[in-house]
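Chemist: Got a structure for you, input-v2.txt, holding compact mmCIF, C-alpha atoms.
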# COMPACT_ATOMS: atom_id res chain seq x y z
CA MET A 1 156.02 105.86 83.19
CA TYR A 2 153.00 103.56 82.96
CA THR A 3 151.78 101.68 79.89
CA LEU A 4 148.12 102.22 79.06
CA ILE A 5 146.34 98.91 78.38
CA ASP A 6 144.31 99.67 75.26
CA GLY A 7 141.29 97.36 75.34
CA LYS A 8 139.81 98.96 72.25
CA LYS A 9 142.94 98.16 70.22
CA VAL A 10 143.18 94.56 71.48
CA ALA A 11 139.46 94.00 70.90
CA GLY A 12 139.94 95.26 67.35
CA GLU A 13 142.74 92.74 66.79
CA ILE A 14 140.58 89.89 68.13
CA LYS A 15 137.67 90.98 65.92
CA GLN A 16 139.97 90.80 62.89
CA GLU A 17 140.97 87.27 63.92
CA ILE A 18 137.31 86.28 64.30
CA ALA A 19 136.39 87.91 60.96
CA LYS A 20 139.05 85.75 59.25
CA GLU A 21 137.51 82.65 60.85
CA VAL A 22 134.07 83.68 59.56
CA LEU A 23 135.42 84.18 56.02
CA LYS A 24 136.93 80.71 56.23
CA LEU A 25 133.58 79.26 57.30
CA LYS A 26 131.88 81.03 54.38
CA SER A 27 134.47 79.76 51.89
CA GLU A 28 133.88 76.21 53.13
CA GLY A 29 130.10 76.60 52.80
CA LYS A 30 129.59 76.27 56.55
CA LYS A 31 127.07 78.01 58.79
CA ILE A 32 127.66 81.68 59.66
CA PRO A 33 127.63 82.29 63.46
CA HIS A 34 124.42 83.86 64.76
CA LEU A 35 124.30 85.82 68.05
CA ALA A 36 120.95 86.92 69.48
CA ALA A 37 120.26 89.32 72.34
CA ILE A 38 117.15 89.86 74.44
CA LEU A 39 116.73 93.39 75.82
CA VAL A 40 114.06 94.04 78.45
CA GLY A 41 113.11 97.68 79.11
CA ASN A 42 114.93 100.87 78.17
CA ASP A 43 117.93 101.12 80.51
CA GLY A 44 120.37 103.61 78.93
CA SER A 45 123.52 101.59 79.61
CA SER A 46 121.92 98.37 78.36
CA GLU A 47 120.64 100.09 75.21
CA SER A 48 124.12 101.36 74.41
CA TYR A 49 125.76 98.05 75.22
CA VAL A 50 123.40 95.98 73.07
CA ALA A 51 123.68 98.45 70.17
CA ASN A 52 127.46 97.99 70.27
CA LYS A 53 127.03 94.20 70.28
CA VAL A 54 124.95 94.39 67.11
CA LYS A 55 127.63 96.61 65.53
CA ASP A 56 130.35 94.14 66.56
CA CYS A 57 128.47 91.28 64.89
CA LYS A 58 128.25 93.23 61.64
CA GLU A 59 132.00 93.99 61.75
CA VAL A 60 133.01 90.33 62.01
CA GLY A 61 130.37 88.99 59.60
CA PHE A 62 128.06 87.38 62.17
CA LYS A 63 124.32 87.27 61.84
CA SER A 64 122.65 89.08 64.76
CA THR A 65 119.14 89.38 66.14
CA LEU A 66 117.89 91.86 68.74
CA ILE A 67 114.67 90.96 70.55
CA ARG A 68 113.05 93.75 72.57
CA PHE A 69 110.48 93.52 75.35
CA ASP A 70 108.80 96.12 77.52
CA ASN A 71 109.91 96.04 81.17
CA THR A 72 106.41 94.88 82.15
CA ILE A 73 106.89 91.50 80.44
CA SER A 74 106.10 88.55 82.71
CA GLU A 75 108.81 86.11 83.69
CA ALA A 76 106.79 83.31 82.07
CA LEU A 77 106.74 85.06 78.68
CA LEU A 78 110.45 85.85 78.88
CA LEU A 79 111.22 82.21 79.69
CA GLN A 80 109.06 81.13 76.76
CA LYS A 81 111.21 83.25 74.40
CA ILE A 82 114.37 81.76 75.93
CA PHE A 83 113.07 78.24 75.30
CA GLU A 84 112.31 79.24 71.68
CA LEU A 85 115.90 80.45 71.21
CA ASN A 86 117.20 77.26 72.84
CA ALA A 87 115.32 75.28 70.17
CA ASP A 88 116.19 77.57 67.23
CA LYS A 89 118.89 75.75 65.26
CA ASP A 90 119.92 78.94 63.45
CA VAL A 91 120.88 80.70 66.72
CA ASP A 92 124.31 79.61 67.97
CA GLY A 93 124.53 81.80 71.05
CA PHE A 94 122.37 84.35 72.83
CA ILE A 95 122.34 86.60 75.86
CA VAL A 96 119.66 88.13 78.05
CA GLN A 97 120.92 91.60 78.89
CA LEU A 98 121.20 92.30 82.62
CA PRO A 99 119.95 93.89 84.81
CA LEU A 100 116.37 92.69 84.53
CA PRO A 101 113.26 94.24 86.16
CA SER A 102 112.88 93.32 89.84
CA HIS A 103 109.89 91.02 89.24
CA ILE A 104 112.02 88.67 87.10
CA SER A 105 114.51 86.24 88.66
CA GLU A 106 117.93 86.72 87.06
CA TYR A 107 119.08 83.30 88.29
CA GLY A 108 115.93 81.67 86.88
CA VAL A 109 116.58 83.31 83.51
CA ILE A 110 120.29 82.34 83.46
CA GLU A 111 119.49 78.73 84.34
CA ALA A 112 116.84 78.56 81.58
CA ILE A 113 119.44 79.28 78.87
CA ASP A 114 120.83 76.19 77.13
CA PRO A 115 124.46 75.95 78.38
CA ALA A 116 125.53 75.19 74.79
CA LYS A 117 124.16 78.61 73.69
CA ASP A 118 125.26 80.59 76.76
CA ALA A 119 127.24 83.39 75.08
CA ASP A 120 127.66 85.26 78.38
CA GLY A 121 129.15 82.21 80.09
CA PHE A 122 126.97 82.68 83.18
CA HIS A 123 125.18 79.31 83.29
CA PRO A 124 126.17 77.12 86.29
CA VAL A 125 127.26 74.36 83.89
CA ASN A 126 129.76 76.68 82.19
CA ILE A 127 130.91 78.15 85.51
CA GLY A 128 131.45 74.59 86.74
CA ARG A 129 133.49 73.64 83.65
CA MET A 130 135.63 76.75 84.14
CA MET A 131 136.10 75.86 87.82
CA VAL A 132 137.68 72.49 86.99
CA GLY A 133 139.57 73.73 83.93
CA LEU A 134 137.46 72.11 81.22
CA PRO A 135 136.92 73.84 77.84
CA GLY A 136 133.74 75.89 77.63
CA TYR A 137 132.18 79.31 77.41
CA LEU A 138 133.97 81.63 79.80
CA PRO A 139 132.21 84.59 81.47
CA ALA A 140 132.70 87.51 79.11
CA THR A 141 134.37 90.09 81.37
CA PRO A 142 136.78 87.69 83.15
CA PHE A 143 137.79 86.25 79.77
CA GLY A 144 138.42 89.80 78.51
CA ILE A 145 140.55 90.66 81.55
CA VAL A 146 142.69 87.53 81.21
CA GLU A 147 143.11 88.09 77.47
CA LEU A 148 144.34 91.67 78.08
CA ILE A 149 146.87 90.41 80.62
CA LYS A 150 148.11 87.75 78.17
CA ARG A 151 148.36 90.05 75.17
CA TYR A 152 150.35 92.63 77.12
CA ASN A 153 152.70 89.85 78.31
CA ILE A 154 152.08 90.72 81.96
CA ASN A 155 153.64 88.08 84.18
CA THR A 156 151.08 86.47 86.49
CA SER A 157 153.07 83.40 87.60
CA GLY A 158 153.67 83.70 91.33
CA SER A 159 152.30 87.25 91.36
CA HIS A 160 149.98 88.37 94.14
CA CYS A 161 146.69 89.38 92.52
CA VAL A 162 144.01 91.11 94.59
CA VAL A 163 140.49 91.04 93.18
CA ILE A 164 138.18 93.67 94.70
CA GLY A 165 134.57 92.50 94.48
CA ARG A 166 132.97 89.05 94.72
CA SER A 167 130.23 89.17 92.08
CA ASN A 168 129.36 86.00 90.18
CA ILE A 169 129.83 87.91 86.92
CA VAL A 170 133.37 89.25 87.47
CA GLY A 171 135.07 88.91 90.86
CA ARG A 172 134.67 85.23 91.64
CA PRO A 173 135.23 83.85 88.13
CA VAL A 174 138.27 86.02 87.39
CA SER A 175 139.85 84.94 90.68
CA ILE A 176 139.43 81.30 89.59
CA LEU A 177 140.87 81.89 86.12
CA LEU A 178 143.94 83.70 87.44
CA SER A 179 144.74 80.94 89.92
CA GLN A 180 144.60 78.16 87.31
CA LYS A 181 147.63 76.42 85.86
CA GLY A 182 149.17 78.47 83.10
CA LEU A 183 148.44 81.80 84.83
CA ASP A 184 149.51 80.62 88.29
CA ALA A 185 148.73 83.79 90.25
CA THR A 186 148.29 83.78 94.01
CA VAL A 187 144.85 85.34 94.37
CA THR A 188 143.25 87.20 97.28
CA LEU A 189 139.60 88.19 96.89
CA VAL A 190 138.44 91.12 99.03
CA HIS A 191 134.97 92.59 99.51
CA SER A 192 132.88 94.91 101.69
CA ARG A 193 133.40 92.78 104.83
CA THR A 194 137.17 92.41 104.43
CA ARG A 195 139.26 93.85 107.26
CA ASN A 196 142.33 95.95 106.49
CA ILE A 197 141.31 96.10 102.84
CA LYS A 198 143.68 98.97 102.05
CA ASP A 199 146.70 97.07 103.39
CA ILE A 200 145.79 93.95 101.41
CA VAL A 201 145.32 95.88 98.17
CA ARG A 202 148.61 97.72 98.77
CA SER A 203 150.44 94.37 98.80
CA ALA A 204 149.17 93.42 95.32
CA ASP A 205 151.29 93.04 92.20
CA ILE A 206 148.06 93.03 90.17
CA ILE A 207 144.83 94.77 91.23
CA ILE A 208 141.49 93.99 89.59
CA ALA A 209 138.88 96.48 90.77
CA ALA A 210 135.34 95.22 90.13
CA LEU A 211 133.02 96.60 92.77
CA GLY A 212 131.17 99.47 91.05
CA SER A 213 132.30 102.19 93.45
CA PRO A 214 133.72 105.23 91.62
CA GLY A 215 137.26 106.17 92.63
CA PHE A 216 137.44 103.53 95.39
CA VAL A 217 141.08 102.61 94.64
CA THR A 218 143.26 105.55 95.61
CA ALA A 219 146.99 106.15 95.15
CA GLU A 220 147.76 105.23 98.77
CA MET A 221 146.33 101.73 98.12
CA VAL A 222 148.65 100.98 95.19
CA LYS A 223 152.32 100.03 95.42
CA GLU A 224 154.87 101.25 92.92
CA GLY A 225 154.93 99.20 89.71
CA ALA A 226 151.56 97.50 90.24
CA VAL A 227 149.30 96.46 87.36
CA VAL A 228 145.78 97.89 87.71
CA ILE A 229 142.76 96.55 85.81
CA ASP A 230 139.70 98.77 86.33
CA VAL A 231 136.42 96.97 85.63
CA GLY A 232 134.19 99.73 87.05
CA THR A 233 131.76 101.50 84.73
CA THR A 234 129.50 103.79 86.76
CA ARG A 235 127.52 106.43 84.88
CA VAL A 236 127.69 109.84 86.58
CA LEU A 237 126.21 113.18 85.61
CA SER A 238 128.47 115.39 83.50
CA ASN A 239 128.19 118.80 81.84
CA GLU A 240 131.05 117.89 79.50
CA THR A 241 129.24 115.33 77.33
CA LYS A 242 126.27 115.47 74.95
CA SER A 243 124.52 112.64 76.78
CA GLY A 244 124.84 114.42 80.12
CA TYR A 245 126.68 111.41 81.54
CA ARG A 246 130.21 110.03 81.63
CA LEU A 247 131.67 106.68 82.65
CA VAL A 248 133.77 106.54 85.80
CA GLY A 249 135.89 103.60 86.94
CA ASP A 250 136.59 102.17 90.38
CA VAL A 251 140.13 103.60 90.26
CA ASP A 252 141.21 107.22 90.82
CA PHE A 253 143.04 107.08 87.48
CA GLU A 254 144.70 110.51 87.59
CA ASN A 255 146.48 109.83 90.89
CA VAL A 256 146.93 106.05 90.62
CA ALA A 257 148.32 105.85 87.06
CA PRO A 258 151.74 107.43 87.82
CA LYS A 259 152.46 104.60 90.31
CA CYS A 260 151.57 101.79 87.88
CA SER A 261 153.49 99.73 85.37
CA TYR A 262 150.24 99.01 83.46
CA ILE A 263 146.74 100.39 83.87
CA THR A 264 143.42 100.25 81.98
CA PRO A 265 141.42 103.40 81.22
CA VAL A 266 137.66 103.82 81.64
CA PRO A 267 136.20 103.81 79.07
CA GLY A 268 138.32 101.94 76.52
CA GLY A 269 139.86 99.29 78.76
CA VAL A 270 137.91 96.21 79.83
CA GLY A 271 134.58 97.20 78.21
CA PRO A 272 135.48 96.47 74.56
CA MET A 273 137.01 93.15 75.66
CA THR A 274 133.76 92.09 77.34
CA ARG A 275 131.89 92.58 74.09
CA VAL A 276 134.44 90.73 71.97
CA SER A 277 134.27 87.80 74.39
CA LEU A 278 130.64 87.27 73.37
CA LEU A 279 131.81 86.94 69.77
CA ARG A 280 134.44 84.42 70.85
CA ASN A 281 131.86 82.30 72.69
CA THR A 282 129.39 82.45 69.78
CA LEU A 283 132.08 81.43 67.28
CA LEU A 284 132.99 78.53 69.57
CA ALA A 285 129.33 77.46 69.74
CA ALA A 286 128.90 77.72 65.96
CA THR A 287 131.99 75.68 65.14
CA LYS A 288 131.17 72.98 67.70
CA SER A 289 127.68 72.36 66.35
Written as structure tokens, how would this file's structure read?

Modeler:
Amino acid sequence: MYTLIDGKKVAGEIKQEIAKEVLKLKSEGKKIPHLAAILVGNDGSSESYVANKVKDCKEVGFKSTLIRFDNTISEALLLQKIFELNADKDVDGFIVQLPLPSHISEYGVIEAIDPAKDADGFHPVNIGRMMVGLPGYLPATPFGIVELIKRYNINTSGSHCVVIGRSNIVGRPVSILLSQKGLDATVTLVHSRTRNIKDIVRSADIIIAALGSPGFVTAEMVKEGAVVIDVGTTRVLSNETKSGYRLVGDVDFENVAPKCSYITPVPGGVGPMTRVSLLRNTLLAATKS
């Protein structure tokens, strides 16, 4: 029988820990952490995600600011706002919600953010610090994945971990974190050009599916007793929900779960951990300044 990895529960525990830290800061007369978010356009997933971030801030006692722009905003104006937030001493950390409209360079936006205020942990400076094992702001989703693994006492030392997907936001950074000293996993990263992908995944002790392809990981690709972390969150049409949509992961949960020792659900697995990671980075930024 598998154990369900409850990201919502773990995120709640971490939020309580952060809230205690904030109360301590208040009692010592120190600055309250302030997280800001820039939202461009009206993407449904982004709207929901940012609304939850604002709610999270309220729960832990952070100050939060949401800055909205129409999706016709020029890149120059967006960069101007980023430079203002970089200079704003009251803002400890901020994010620019992705994806952005096609006329705006995501890399240009990420590089414009002050690395010391990079709550998402996407800036090349922070990725570089992570790469060599220096302290810094870790990418939110990889940090959340690693924290789940640690808090469920899942053994990674010497384990074969297969990461499916090579994005700069999840796949590549989580493969680096898992291979570092202390976690000591042997990591294989597979992607759309990998040959014999099913055989490689089947050899994994730990599978991290982060490619955005609903139901890609099937039961025949998973060995008995494997740990499966499903990062996928694709919105598909559904007659069963009020919104008309439901979230689907990269793993065929119903058929894969019985073969696992541990598995994350979608929703309620990695998602809440991604959001709480932003709080962790912002607290770190506030207490360093």

Chemist: Could you state the separation of CA of Asp92 in chain A and CA of Pro33 in chain A in Å, given to one decimal place?

Modeler: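 CA of Pro33 in chain A lies 6.2 Å from CA of Asp92 in chain A.
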
Chemist: Closest to Tyr2 in chain A among A:Glu224, A:Asp250, A:Glu59, A:Glu240, using only C-alpha atoms?

Modeler: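 Of the candidates, the smallest distance to Tyr2 in chain A is held by A:Glu224.
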
Chemist: Which polymer residues, protein or nucleic acid, are no farther than 10 Å from (150.6, 101.8, 81.0), counting all atoms listed in the file, as a list in words?

Modeler: Met1, Tyr2, Thr3, Leu4, Ile5, Asp6, Tyr152, Val227, Val228, Ala257, Pro258, Lys259, Cys260, Ser261, Tyr262, Ile263, Thr264 and Pro265 of chain A

Chemist: One decimal, in Å: what's the spacing between CA of Arg68 in chain A and CA of Lys55 in chain A?

Modeler: 16.4 Å

Chemist: Using only C-alpha atoms, which protein or nucleic acid residues come within 12 Å of Ser192 in chain A? Drop anything in the same chain fewer than 2 positions from it, and give the result as a list of chain:residue names.

Modeler: A:Ile164, A:Gly165, A:Arg166, A:Ser167, A:Leu189, A:Val190, A:Thr194, A:Arg195, A:Asn196, A:Ile197, A:Lys198, A:Ala210, A:Leu211, A:Gly212, A:Ser213, A:Phe216

Chemist: Using the selection just defined, write its residues with C-alpha atoms as a short mmCIF file (atom, residue, chain, number, x, y, z; two decimals), in the coordinates of the input.

Modeler:
data_model
loop_
_atom_site.label_atom_id
_atom_site.label_comp_id
_atom_site.auth_asym_id
_atom_site.auth_seq_id
_atom_site.Cartn_x
_atom_site.Cartn_y
_atom_site.Cartn_z
CA ILE A 164 138.18 93.67 94.70
CA GLY A 165 134.57 92.50 94.48
CA ARG A 166 132.97 89.05 94.72
CA SER A 167 130.23 89.17 92.08
CA LEU A 189 139.60 88.19 96.89
CA VAL A 190 138.44 91.12 99.03
CA THR A 194 137.17 92.41 104.43
CA ARG A 195 139.26 93.85 107.26
CA ASN A 196 142.33 95.95 106.49
CA ILE A 197 141.31 96.10 102.84
CA LYS A 198 143.68 98.97 102.05
CA ALA A 210 135.34 95.22 90.13
CA LEU A 211 133.02 96.60 92.77
CA GLY A 212 131.17 99.47 91.05
CA SER A 213 132.30 102.19 93.45
CA PHE A 216 137.44 103.53 95.39
#

Chemist: Taking all atoms listed in the file into account, name the residue in A:Leu177, A:Val54, A:Ala219, A:Leu247 that is nearest to Gly133 in chain A.

Modeler: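 Of A:Leu177, A:Val54, A:Ala219, A:Leu247, the one nearest Gly133 in chain A is A:Leu177, counting all atoms listed in the file.
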
Chemist: If we count all atoms listed in the file and set the cut-off at 12 Å, which residues sit around Leu23 in chain A, ignoring sequence neighbours fewer than 4 positions away in its own chain? Please answer as number ranges by chain.

Modeler: A: 16-19, 27-33, 59-62

Chemist: Pick the closest to Thr233 in chain A from A:Pro99, A:Pro214, A:Ser175, A:Ala11: which is it, counting all atoms listed in the file?

Modeler: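 Checking each of A:Pro99, A:Pro214, A:Ser175, A:Ala11 against Thr233 in chain A, counting all atoms listed in the file, the winner is A:Pro214.
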
Chemist: In Å, rounded to a single decimal, give me how far CA of Asp56 in chain A is from CA of Arg129 in chain A.

Modeler: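 Answer for the CA of Arg129 in chain A to CA of Asp56 in chain A separation: 26.9 Å.
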
Chemist: Enclose range 67-70 of chain A, meaning all of its atoms listed in the file, in a box aligned along x, y and z, pad it by 6 Å on each side, and list the centre and edge lengths in Å to one decimal, as JSON.

Modeler:
{"center_x": 111.7, "center_y": 93.5, "center_z": 74.0, "size_x": 17.9, "size_y": 17.2, "size_z": 19.0}

Chemist: For His34 in chain A, which residue among A:Gly93, A:Gly215, A:Gly136, A:Gly158 is the nearest when counting only C-alpha atoms?

Modeler: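 Among the listed residues, A:Gly93 lies closest to His34 in chain A.
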
Chemist: Between A:Val256, A:Leu279, A:Asp199, A:Met130, which one has atoms that come closest to Gly225 in chain A, using only C-alpha atoms?

Modeler: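 Selected residue with least distance to Gly225 in chain A: A:Val256.
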
Chemist: Can you pull out every residue within 10 Å of Thr65 in chain A, counting all atoms listed in the file, but drop anything in the same chain fewer than 6 positions away, and send it as a PyMOL selection string?

Modeler: chain A and resi 34-38+54+57+91+94

Chemist: Within 10 Å of Ser157 in chain A, counting only C-alpha atoms, which residues show up once you throw out same-chain ones fewer than 5 positions away? Write them as an NGL selection string, please.

Modeler: :A and (178-186)

Chemist: I need range 209-226 of chain A written out with N, CA and C atoms, as a PDB file, in the first residue's frame; please produce it.

Modeler:
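Okay, this is what ended up in selection.pdb:
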ATOM      1  N   ALA A 209       8.344  13.633 -12.335  1.00  0.00           N
ATOM      2  CA  ALA A 209       7.737  13.894 -13.646  1.00  0.00           C
ATOM      3  C   ALA A 209       7.397  15.368 -13.765  1.00  0.00           C
ATOM      4  N   ALA A 210       8.108  16.061 -14.663  1.00  0.00           N
ATOM      5  CA  ALA A 210       7.941  17.517 -14.790  1.00  0.00           C
ATOM      6  C   ALA A 210       8.019  17.931 -16.249  1.00  0.00           C
ATOM      7  N   LEU A 211       7.101  17.390 -17.053  1.00  0.00           N
ATOM      8  CA  LEU A 211       7.137  17.723 -18.473  1.00  0.00           C
ATOM      9  C   LEU A 211       5.838  18.328 -18.999  1.00  0.00           C
ATOM     10  N   GLY A 212       4.784  18.346 -18.198  1.00  0.00           N
ATOM     11  CA  GLY A 212       3.540  18.987 -18.627  1.00  0.00           C
ATOM     12  C   GLY A 212       2.772  18.202 -19.666  1.00  0.00           C
ATOM     13  N   SER A 213       2.844  16.872 -19.577  1.00  0.00           N
ATOM     14  CA  SER A 213       2.132  15.997 -20.507  1.00  0.00           C
ATOM     15  C   SER A 213       1.224  15.064 -19.710  1.00  0.00           C
ATOM     16  N   PRO A 214      -0.086  15.339 -19.691  1.00  0.00           N
ATOM     17  CA  PRO A 214      -1.006  14.590 -18.831  1.00  0.00           C
ATOM     18  C   PRO A 214      -0.922  13.074 -19.031  1.00  0.00           C
ATOM     19  N   GLY A 215      -0.771  12.360 -17.913  1.00  0.00           N
ATOM     20  CA  GLY A 215      -0.781  10.906 -17.933  1.00  0.00           C
ATOM     21  C   GLY A 215       0.394  10.256 -18.631  1.00  0.00           C
ATOM     22  N   PHE A 216       1.488  10.982 -18.829  1.00  0.00           N
ATOM     23  CA  PHE A 216       2.639  10.445 -19.573  1.00  0.00           C
ATOM     24  C   PHE A 216       3.234   9.217 -18.891  1.00  0.00           C
ATOM     25  N   VAL A 217       3.354   9.263 -17.563  1.00  0.00           N
ATOM     26  CA  VAL A 217       3.950   8.150 -16.815  1.00  0.00           C
ATOM     27  C   VAL A 217       2.870   7.116 -16.529  1.00  0.00           C
ATOM     28  N   THR A 218       3.021   5.957 -17.152  1.00  0.00           N
ATOM     29  CA  THR A 218       2.049   4.874 -16.998  1.00  0.00           C
ATOM     30  C   THR A 218       2.596   3.796 -16.069  1.00  0.00           C
ATOM     31  N   ALA A 219       1.721   2.872 -15.675  1.00  0.00           N
ATOM     32  CA  ALA A 219       2.102   1.824 -14.723  1.00  0.00           C
ATOM     33  C   ALA A 219       3.265   0.972 -15.237  1.00  0.00           C
ATOM     34  N   GLU A 220       3.309   0.730 -16.539  1.00  0.00           N
ATOM     35  CA  GLU A 220       4.380  -0.119 -17.088  1.00  0.00           C
ATOM     36  C   GLU A 220       5.761   0.538 -17.014  1.00  0.00           C
ATOM     37  N   MET A 221       5.783   1.866 -16.742  1.00  0.00           N
ATOM     38  CA  MET A 221       7.051   2.598 -16.650  1.00  0.00           C
ATOM     39  C   MET A 221       7.576   2.690 -15.214  1.00  0.00           C
ATOM     40  N   VAL A 222       6.834   2.129 -14.275  1.00  0.00           N
ATOM     41  CA  VAL A 222       7.180   2.299 -12.850  1.00  0.00           C
ATOM     42  C   VAL A 222       7.438   0.942 -12.209  1.00  0.00           C
ATOM     43  N   LYS A 223       8.593   0.814 -11.548  1.00  0.00           N
ATOM     44  CA  LYS A 223       8.875  -0.458 -10.874  1.00  0.00           C
ATOM     45  C   LYS A 223       8.220  -0.485  -9.496  1.00  0.00           C
ATOM     46  N   GLU A 224       8.023  -1.668  -8.989  1.00  0.00           N
ATOM     47  CA  GLU A 224       7.400  -1.835  -7.680  1.00  0.00           C
ATOM     48  C   GLU A 224       8.214  -1.114  -6.604  1.00  0.00           C
ATOM     49  N   GLY A 225       7.520  -0.360  -5.748  1.00  0.00           N
ATOM     50  CA  GLY A 225       8.155   0.306  -4.624  1.00  0.00           C
ATOM     51  C   GLY A 225       8.783   1.647  -4.942  1.00  0.00           C
ATOM     52  N   ALA A 226       8.614   2.133  -6.169  1.00  0.00           N
ATOM     53  CA  ALA A 226       9.208   3.419  -6.546  1.00  0.00           C
ATOM     54  C   ALA A 226       8.505   4.580  -5.840  1.00  0.00           C
TER      55      ALA A 226
END
